[in-house]
file target-v8.cif (mmCIF, C-alpha atoms and all ligand atoms)
data_start
#
loop_
_atom_site.label_atom_id
_atom_site.label_comp_id
_atom_site.auth_asym_id
_atom_site.auth_seq_id
_atom_site.Cartn_x
_atom_site.Cartn_y
_atom_site.Cartn_z
CA MET A 1 -103.73 -2.68 9.68
CA THR A 2 -106.40 -4.40 7.61
CA THR A 3 -105.55 -4.81 3.91
CA ALA A 4 -107.52 -5.86 0.91
CA ALA A 5 -105.77 -9.27 1.03
CA ASN A 6 -106.93 -9.80 4.52
CA ALA A 7 -110.32 -8.68 3.52
CA VAL A 8 -110.62 -11.53 1.01
CA GLY A 9 -109.10 -14.01 3.46
CA LYS A 10 -105.57 -14.49 1.94
CA GLY A 11 -103.54 -14.20 5.14
CA PRO A 12 -100.51 -12.07 6.00
CA GLU A 13 -98.04 -13.86 3.60
CA ALA A 14 -99.83 -12.35 0.64
CA GLU A 15 -99.34 -9.00 2.16
CA ASP A 16 -95.52 -9.63 2.37
CA GLU A 17 -95.29 -10.57 -1.31
CA ALA A 18 -96.78 -7.35 -2.56
CA PRO A 19 -93.65 -5.15 -2.23
CA VAL A 20 -91.45 -7.83 -3.90
CA ALA A 21 -93.77 -7.96 -6.88
CA ALA A 22 -93.76 -4.20 -7.05
CA ALA A 23 -89.94 -4.11 -7.01
CA ARG A 24 -89.71 -6.58 -9.98
CA PRO A 25 -89.20 -4.78 -13.34
CA ARG A 26 -92.35 -4.40 -15.35
CA SER A 27 -90.69 -6.17 -18.28
CA ALA A 28 -89.50 -9.24 -16.32
CA GLY A 29 -89.85 -12.29 -18.60
CA LEU A 30 -89.43 -10.12 -21.73
CA TRP A 31 -86.31 -8.32 -22.93
CA SER A 32 -85.54 -5.13 -21.18
CA ARG A 33 -84.73 -2.18 -23.42
CA ARG A 34 -81.05 -2.54 -22.57
CA ASP A 35 -81.13 -6.26 -23.42
CA PHE A 36 -82.86 -5.52 -26.68
CA PHE A 37 -80.30 -2.96 -27.86
CA GLY A 38 -77.47 -5.13 -26.55
CA ARG A 39 -78.66 -8.09 -28.57
CA LEU A 40 -79.32 -5.93 -31.59
CA SER A 41 -75.78 -4.60 -31.59
CA TRP A 42 -74.35 -8.12 -31.17
CA GLY A 43 -76.56 -9.32 -34.03
CA GLY A 44 -75.34 -6.48 -36.23
CA PHE A 45 -71.78 -7.26 -35.29
CA SER A 46 -72.30 -10.92 -36.19
CA ILE A 47 -73.75 -10.07 -39.62
CA VAL A 48 -70.88 -7.70 -40.36
CA SER A 49 -68.40 -10.38 -39.25
CA LEU A 50 -70.08 -12.95 -41.46
CA ILE A 51 -70.00 -10.63 -44.48
CA SER A 52 -66.31 -9.88 -43.88
CA LEU A 53 -65.60 -13.59 -43.57
CA LEU A 54 -67.39 -14.34 -46.84
CA ALA A 55 -65.58 -11.50 -48.58
CA GLY A 56 -62.28 -12.85 -47.28
CA MET A 57 -63.11 -16.34 -48.52
CA ARG A 58 -64.04 -14.98 -51.91
CA SER A 59 -60.74 -13.18 -52.28
CA ALA A 60 -58.96 -16.37 -51.23
CA PHE A 61 -60.59 -18.14 -54.19
CA PRO A 62 -60.46 -15.64 -57.07
CA ARG A 63 -62.71 -16.18 -60.04
CA VAL A 64 -61.01 -18.19 -62.73
CA LEU A 65 -62.18 -17.91 -66.29
CA PHE A 66 -62.23 -21.38 -67.78
CA THR A 67 -61.04 -21.41 -71.36
CA PRO A 68 -61.42 -24.69 -73.19
CA PRO A 69 -58.31 -25.98 -74.94
CA GLN A 70 -57.77 -24.38 -78.32
CA SER A 71 -56.24 -27.43 -79.98
CA PHE A 72 -56.58 -31.17 -79.85
CA LYS A 73 -54.96 -34.26 -81.29
CA ALA A 74 -57.24 -36.16 -83.60
CA GLY A 75 -55.23 -39.31 -84.25
CA LEU A 76 -53.14 -40.44 -87.19
CA PRO A 77 -54.00 -39.30 -90.72
CA THR A 78 -54.44 -42.96 -91.64
CA ASP A 79 -57.31 -43.15 -89.12
CA PHE A 80 -59.41 -41.18 -91.60
CA THR A 81 -60.98 -42.77 -94.63
CA VAL A 82 -60.58 -41.08 -98.00
CA GLY A 83 -63.85 -39.55 -99.17
CA GLU A 84 -65.52 -39.61 -95.75
CA VAL A 85 -66.51 -36.97 -93.22
CA SER A 86 -65.46 -37.89 -89.68
CA GLU A 87 -67.94 -36.72 -87.07
CA LYS A 88 -65.87 -38.08 -84.21
CA PHE A 89 -65.04 -34.60 -82.90
CA LYS A 90 -68.25 -32.82 -83.72
CA ARG A 91 -69.86 -33.16 -80.31
CA GLU A 92 -66.80 -32.26 -78.24
CA HIS A 93 -65.08 -29.72 -80.48
CA ARG A 94 -67.68 -28.87 -83.15
CA VAL A 95 -65.28 -29.98 -85.84
CA TRP A 96 -65.57 -32.27 -88.85
CA ILE A 97 -62.39 -33.81 -90.25
CA ILE A 98 -62.43 -34.66 -93.92
CA ARG A 99 -59.92 -36.58 -95.93
CA ASN A 100 -59.94 -36.44 -99.71
CA PRO A 101 -57.39 -38.09 -102.06
CA GLU A 102 -54.95 -35.20 -101.64
CA ALA A 103 -55.37 -33.71 -98.19
CA ILE A 104 -57.01 -33.57 -94.78
CA TYR A 105 -58.81 -30.49 -93.53
CA ALA A 106 -60.95 -29.53 -90.54
CA LEU A 107 -64.25 -27.71 -90.88
CA PHE A 108 -65.86 -25.67 -88.14
CA ALA A 109 -69.39 -27.08 -87.74
CA LYS A 110 -71.06 -23.68 -87.52
CA CYS A 111 -73.41 -22.39 -90.18
CA THR A 112 -72.28 -19.06 -91.59
CA HIS A 113 -75.86 -17.79 -91.65
CA LEU A 114 -76.84 -17.56 -87.99
CA GLY A 115 -74.57 -20.08 -86.34
CA CYS A 116 -76.62 -23.29 -86.10
CA THR A 117 -74.85 -26.62 -86.35
CA PRO A 118 -75.40 -28.27 -89.73
CA ARG A 119 -75.75 -32.04 -90.18
CA TRP A 120 -73.74 -34.22 -92.47
CA LEU A 121 -76.11 -36.06 -94.82
CA LYS A 122 -73.99 -38.90 -96.09
CA THR A 123 -76.36 -40.13 -98.81
CA GLU A 124 -76.69 -36.62 -100.25
CA GLU A 125 -73.04 -35.82 -99.64
CA LYS A 126 -73.73 -32.44 -98.16
CA PHE A 127 -73.95 -30.54 -94.92
CA LYS A 128 -77.47 -29.30 -94.29
CA CYS A 129 -78.37 -26.67 -91.75
CA PRO A 130 -81.57 -27.54 -89.86
CA CYS A 131 -82.40 -23.91 -89.07
CA HIS A 132 -83.01 -22.26 -92.43
CA GLY A 133 -81.90 -24.89 -94.91
CA SER A 134 -78.46 -23.76 -95.99
CA GLY A 135 -76.46 -26.44 -97.74
CA PHE A 136 -72.68 -26.89 -98.05
CA TYR A 137 -70.61 -29.27 -100.12
CA MET A 138 -68.10 -31.58 -98.47
CA SER A 139 -65.47 -28.93 -99.17
CA GLY A 140 -67.46 -26.46 -97.02
CA ILE A 141 -68.58 -24.30 -99.97
CA ASN A 142 -72.15 -23.05 -99.62
CA PHE A 143 -74.55 -23.73 -102.49
CA GLU A 144 -78.11 -23.31 -101.20
CA GLY A 145 -80.07 -21.40 -98.58
CA PRO A 146 -79.28 -18.09 -96.90
CA ALA A 147 -75.71 -18.84 -95.73
CA PRO A 148 -73.66 -16.00 -97.23
CA ARG A 149 -70.31 -17.77 -97.36
CA PRO A 150 -68.58 -21.13 -96.97
CA LEU A 151 -67.93 -22.87 -93.67
CA GLU A 152 -64.69 -21.96 -91.95
CA ARG A 153 -61.66 -24.21 -91.69
CA TYR A 154 -59.30 -24.65 -88.77
CA ARG A 155 -55.56 -25.01 -88.92
CA VAL A 156 -54.31 -28.58 -89.19
CA ALA A 157 -50.73 -29.77 -88.65
CA LEU A 158 -48.78 -32.86 -87.71
CA ALA A 159 -47.47 -33.30 -84.18
CA GLU A 160 -44.08 -34.90 -83.50
CA ASP A 161 -45.77 -38.19 -82.73
CA GLY A 162 -47.36 -38.17 -86.19
CA GLN A 163 -50.85 -37.28 -84.99
CA LEU A 164 -53.04 -34.73 -86.62
CA VAL A 165 -53.42 -31.57 -84.54
CA VAL A 166 -56.42 -29.29 -85.04
CA ASP A 167 -55.75 -25.74 -83.89
CA MET A 168 -59.05 -23.93 -83.35
CA SER A 169 -57.34 -20.62 -82.61
CA VAL A 170 -56.51 -20.19 -86.31
CA LYS A 171 -59.28 -19.99 -88.91
CA TYR A 172 -59.05 -19.97 -92.68
CA LEU A 173 -61.77 -18.24 -94.68
CA PHE A 174 -62.42 -19.17 -98.30
CA GLU A 175 -63.56 -15.68 -99.27
CA LYS A 176 -60.21 -14.28 -98.15
CA GLY A 177 -58.25 -16.80 -100.17
CA ASP A 178 -57.07 -18.55 -97.01
CA TRP A 179 -57.86 -22.09 -98.10
CA ALA A 180 -54.79 -22.12 -100.35
CA LYS A 181 -52.51 -21.30 -97.42
CA PRO A 182 -50.44 -23.92 -95.64
CA GLY A 183 -52.26 -24.89 -92.47
CA ALA A 184 -55.70 -24.82 -94.08
CA TYR A 185 -55.06 -28.42 -95.16
CA LEU A 186 -52.49 -31.14 -94.66
CA ARG A 187 -51.16 -33.04 -97.65
CA VAL A 188 -51.29 -36.82 -97.16
S1 LIG B 1 -78.42 -20.73 -89.32
FE1 LIG B 1 -78.01 -22.12 -90.88
S2 LIG B 1 -79.33 -21.54 -92.45
FE2 LIG B 1 -79.75 -20.14 -90.89
#
call {"tool": "encode", "arguments": {"input": "target-v8.cif", "output": "structure tokens"}}
result
Amino acid sequence: MTTAANAVGKGPEAEDEAPVAAARPRSAGLWSRRDFFGRLSWGGFSIVSLISLLAGMRSAFPRVLFTPPQSFKAGLPTDFTVGEVSEKFKREHRVWIIRNPEAIYALFAKCTHLGCTPRWLKTEEKFKCPCHGSGFYMSGINFEGPAPRPLERYRVALAEDGQLVVDMSVKYLFEKGDWAKPGAYLRV
């Protein structure tokens, strides 16, 4: 029987290939529908597995709230010069340590207006806040600017090894009469 292939001169082999090509799925070379849904379900399974794995890892490493130490040793009382403000611990702990002829005390370097960090101006012998100009004497008492009250003091004590310990978990407020309490200063 004469076919179109024969008609264009392709020979009988071309005629044999025709049924094979017809039997091949239309989507050969692309994913079949079954492949597609199979891969989709495996992909979904993998994502779920990955999420479970991450959740498991997270519970294995619970969140830890880091709380900085509340006290520190500042050295021997004799390390501090009478009449001077030590700024040695200002950067790390936001604390000034002051020694006068009678005692040592620790001031919290936070302005009582809006919380900026004042600067110690040695030549003027005062703490000056750069934000709105509040000024404080060496004692911590406010005398100019909008700060409504004195700086706060931290508890100071002596450790067994003779070092000064500043405890930042205990504050002493002038306006509450706390500065007269033991702990607000250390007699030297
Ligand atoms: S924050 Fe110090 S004067 Fe305003």
call {"tool": "closest_residue", "arguments": {"input": "target-v8.cif", "among": "A:Ile97, A:Leu53, A:Leu114, A:Leu107", "to": "ligand LIG 1 (chain B)", "atoms": "all atoms listed in the file"}}
result
A:Leu114
call {"tool": "residues_near_ligand", "arguments": {"input": "target-v8.cif", "ligand": "ligand LIG 1 (chain B)", "cutoff": "6 Å", "atoms": "only C-alpha atoms and all ligand atoms", "output": "PyMOL selection string"}}
result
chain A and resi 111+113-116+129+131-134+146-147
call {"tool": "closest_residue", "arguments": {"input": "target-v8.cif", "among": "A:Leu158, A:Val166, A:Leu54, A:Leu186", "to": "Leu76 of chain A", "atoms": "all atoms listed in the file"}}
result
A:Leu158
call {"tool": "closest_residue", "arguments": {"input": "target-v8.cif", "among": "A:Gly83, A:Gln163, A:Lys122, A:Tyr105", "to": "Lys181 of chain A", "atoms": "only C-alpha atoms"}}
result
A:Tyr105
call {"tool": "residues_around", "arguments": {"input": "target-v8.cif", "residues": "Asp79 of chain A", "least_positions_apart": "2", "cutoff": "12 Å", "atoms": "all atoms listed in the file", "output": "PyMOL selection string"}}
result
chain A and resi 74-77+81-82+84-86+88+97-99+104+162-164+188
call {"tool": "atom_distance", "arguments": {"input": "target-v8.cif", "atom1": "atom CA of Lys73 of chain A", "atom2": "atom CA of Ala109 of chain A"}}
result
17.4 Å
call {"tool": "closest_residue", "arguments": {"input": "target-v8.cif", "among": "A:Thr117, A:Pro148, A:Gln70, A:Lys110", "to": "Ser169 of chain A", "atoms": "all atoms listed in the file"}}
result
A:Gln70
call {"tool": "closest_residue", "arguments": {"input": "target-v8.cif", "among": "A:Thr112, A:Met168, A:Gly140, A:Ser49", "to": "Glu125 of chain A", "atoms": "all atoms listed in the file"}}
result
A:Gly140
call {"tool": "decode", "arguments": {"input": "target-v8.cif", "residues": "segment 43-162 of chain A", "atoms": "C-alpha atoms", "output": "tab-separated table (two decimals), in the first residue's frame"}}
result
chain	number	residue	atom	x	y	z
A	43	GLY	CA	8.99	18.71	47.55
A	44	GLY	CA	6.27	19.48	50.10
A	45	PHE	CA	7.47	16.64	52.26
A	46	SER	CA	11.04	17.97	52.10
A	47	ILE	CA	9.97	21.50	53.12
A	48	VAL	CA	7.93	20.15	56.03
A	49	SER	CA	10.89	17.99	57.08
A	50	LEU	CA	13.22	20.97	56.90
A	51	ILE	CA	10.88	23.12	59.00
A	52	SER	CA	10.57	20.35	61.60
A	53	LEU	CA	14.33	19.98	61.67
A	54	LEU	CA	14.83	23.71	62.20
A	55	ALA	CA	12.18	23.76	64.91
A	56	GLY	CA	13.92	20.85	66.61
A	57	MET	CA	17.27	22.61	66.43
A	58	ARG	CA	15.76	25.76	67.88
A	59	SER	CA	14.34	23.90	70.86
A	60	ALA	CA	17.73	22.26	71.36
A	61	PHE	CA	19.26	25.73	71.74
A	62	PRO	CA	16.74	27.73	73.80
A	63	ARG	CA	16.97	31.48	73.80
A	64	VAL	CA	19.13	32.75	76.61
A	65	LEU	CA	18.66	36.25	77.89
A	66	PHE	CA	22.07	37.75	78.48
A	67	THR	CA	22.18	39.87	81.60
A	68	PRO	CA	25.37	41.81	82.15
A	69	PRO	CA	26.98	41.43	85.57
A	70	GLN	CA	25.39	43.64	88.19
A	71	SER	CA	28.57	44.28	90.16
A	72	PHE	CA	32.25	44.69	89.51
A	73	LYS	CA	35.48	45.11	91.42
A	74	ALA	CA	37.07	48.47	90.89
A	75	GLY	CA	40.42	48.02	92.61
A	76	LEU	CA	41.73	49.18	95.96
A	77	PRO	CA	40.44	52.40	97.52
A	78	THR	CA	44.01	53.70	97.44
A	79	ASP	CA	43.92	53.45	93.63
A	80	PHE	CA	41.69	56.53	93.65
A	81	THR	CA	43.04	60.01	94.14
A	82	VAL	CA	41.35	62.30	96.64
A	83	GLY	CA	39.44	65.08	94.91
A	84	GLU	CA	39.36	63.39	91.50
A	85	VAL	CA	36.67	61.76	89.39
A	86	SER	CA	37.75	58.41	87.97
A	87	GLU	CA	36.35	57.74	84.53
A	88	LYS	CA	37.98	54.33	84.30
A	89	PHE	CA	34.64	52.51	84.44
A	90	LYS	CA	32.50	54.95	82.54
A	91	ARG	CA	32.70	53.26	79.17
A	92	GLU	CA	32.20	49.69	80.39
A	93	HIS	CA	29.83	50.22	83.32
A	94	ARG	CA	28.65	53.83	82.97
A	95	VAL	CA	29.98	54.61	86.41
A	96	TRP	CA	32.18	57.35	87.84
A	97	ILE	CA	34.04	56.66	91.07
A	98	ILE	CA	34.82	59.66	93.21
A	99	ARG	CA	36.99	59.89	96.26
A	100	ASN	CA	36.78	62.88	98.57
A	101	PRO	CA	38.68	63.34	101.87
A	102	GLU	CA	36.09	61.29	103.77
A	103	ALA	CA	34.62	58.69	101.46
A	104	ILE	CA	34.35	56.97	98.10
A	105	TYR	CA	31.10	56.81	96.16
A	106	ALA	CA	29.96	55.66	92.73
A	107	LEU	CA	27.76	57.79	90.48
A	108	PHE	CA	25.59	56.42	87.70
A	109	ALA	CA	26.60	58.35	84.57
A	110	LYS	CA	23.04	58.91	83.39
A	111	CYS	CA	21.45	62.34	83.26
A	112	THR	CA	18.25	62.49	85.29
A	113	HIS	CA	16.57	64.61	82.61
A	114	LEU	CA	16.29	62.28	79.62
A	115	GLY	CA	19.08	59.81	80.19
A	116	CYS	CA	22.04	61.12	78.18
A	117	THR	CA	25.54	60.52	79.45
A	118	PRO	CA	27.06	63.67	80.95
A	119	ARG	CA	30.77	64.54	80.65
A	120	TRP	CA	33.13	65.32	83.45
A	121	LEU	CA	34.65	68.77	82.87
A	122	LYS	CA	37.69	68.73	85.09
A	123	THR	CA	38.60	72.41	84.78
A	124	GLU	CA	35.05	73.46	85.68
A	125	GLU	CA	34.68	70.70	88.25
A	126	LYS	CA	31.26	69.67	87.08
A	127	PHE	CA	29.40	67.08	85.08
A	128	LYS	CA	27.79	68.62	82.02
A	129	CYS	CA	25.10	66.93	79.98
A	130	PRO	CA	25.64	67.45	76.23
A	131	CYS	CA	21.95	67.02	75.39
A	132	HIS	CA	20.19	69.92	77.09
A	133	GLY	CA	22.88	71.43	79.26
A	134	SER	CA	22.14	70.11	82.72
A	135	GLY	CA	25.00	70.50	85.16
A	136	PHE	CA	25.87	68.50	88.28
A	137	TYR	CA	28.45	69.07	90.99
A	138	MET	CA	31.04	66.44	91.77
A	139	SER	CA	28.70	65.19	94.48
A	140	GLY	CA	26.06	64.49	91.81
A	141	ILE	CA	23.74	67.32	92.90
A	142	ASN	CA	22.10	69.11	89.97
A	143	PHE	CA	22.45	72.88	89.78
A	144	GLU	CA	21.64	73.98	86.22
A	145	GLY	CA	19.57	72.94	83.24
A	146	PRO	CA	16.40	70.86	83.09
A	147	ALA	CA	17.57	67.83	85.14
A	148	PRO	CA	14.95	67.55	87.89
A	149	ARG	CA	17.10	65.77	90.47
A	150	PRO	CA	20.64	64.69	91.32
A	151	LEU	CA	22.50	61.82	89.68
A	152	GLU	CA	21.98	58.42	91.25
A	153	ARG	CA	24.56	56.57	93.30
A	154	TYR	CA	25.32	52.87	93.34
A	155	ARG	CA	26.10	50.75	96.35
A	156	VAL	CA	29.79	50.50	97.22
A	157	ALA	CA	31.39	48.00	99.60
A	158	LEU	CA	34.70	46.34	100.32
A	159	ALA	CA	35.34	42.78	99.16
A	160	GLU	CA	37.33	40.32	101.29
A	161	ASP	CA	40.41	41.01	99.22
A	162	GLY	CA	40.16	44.71	100.08
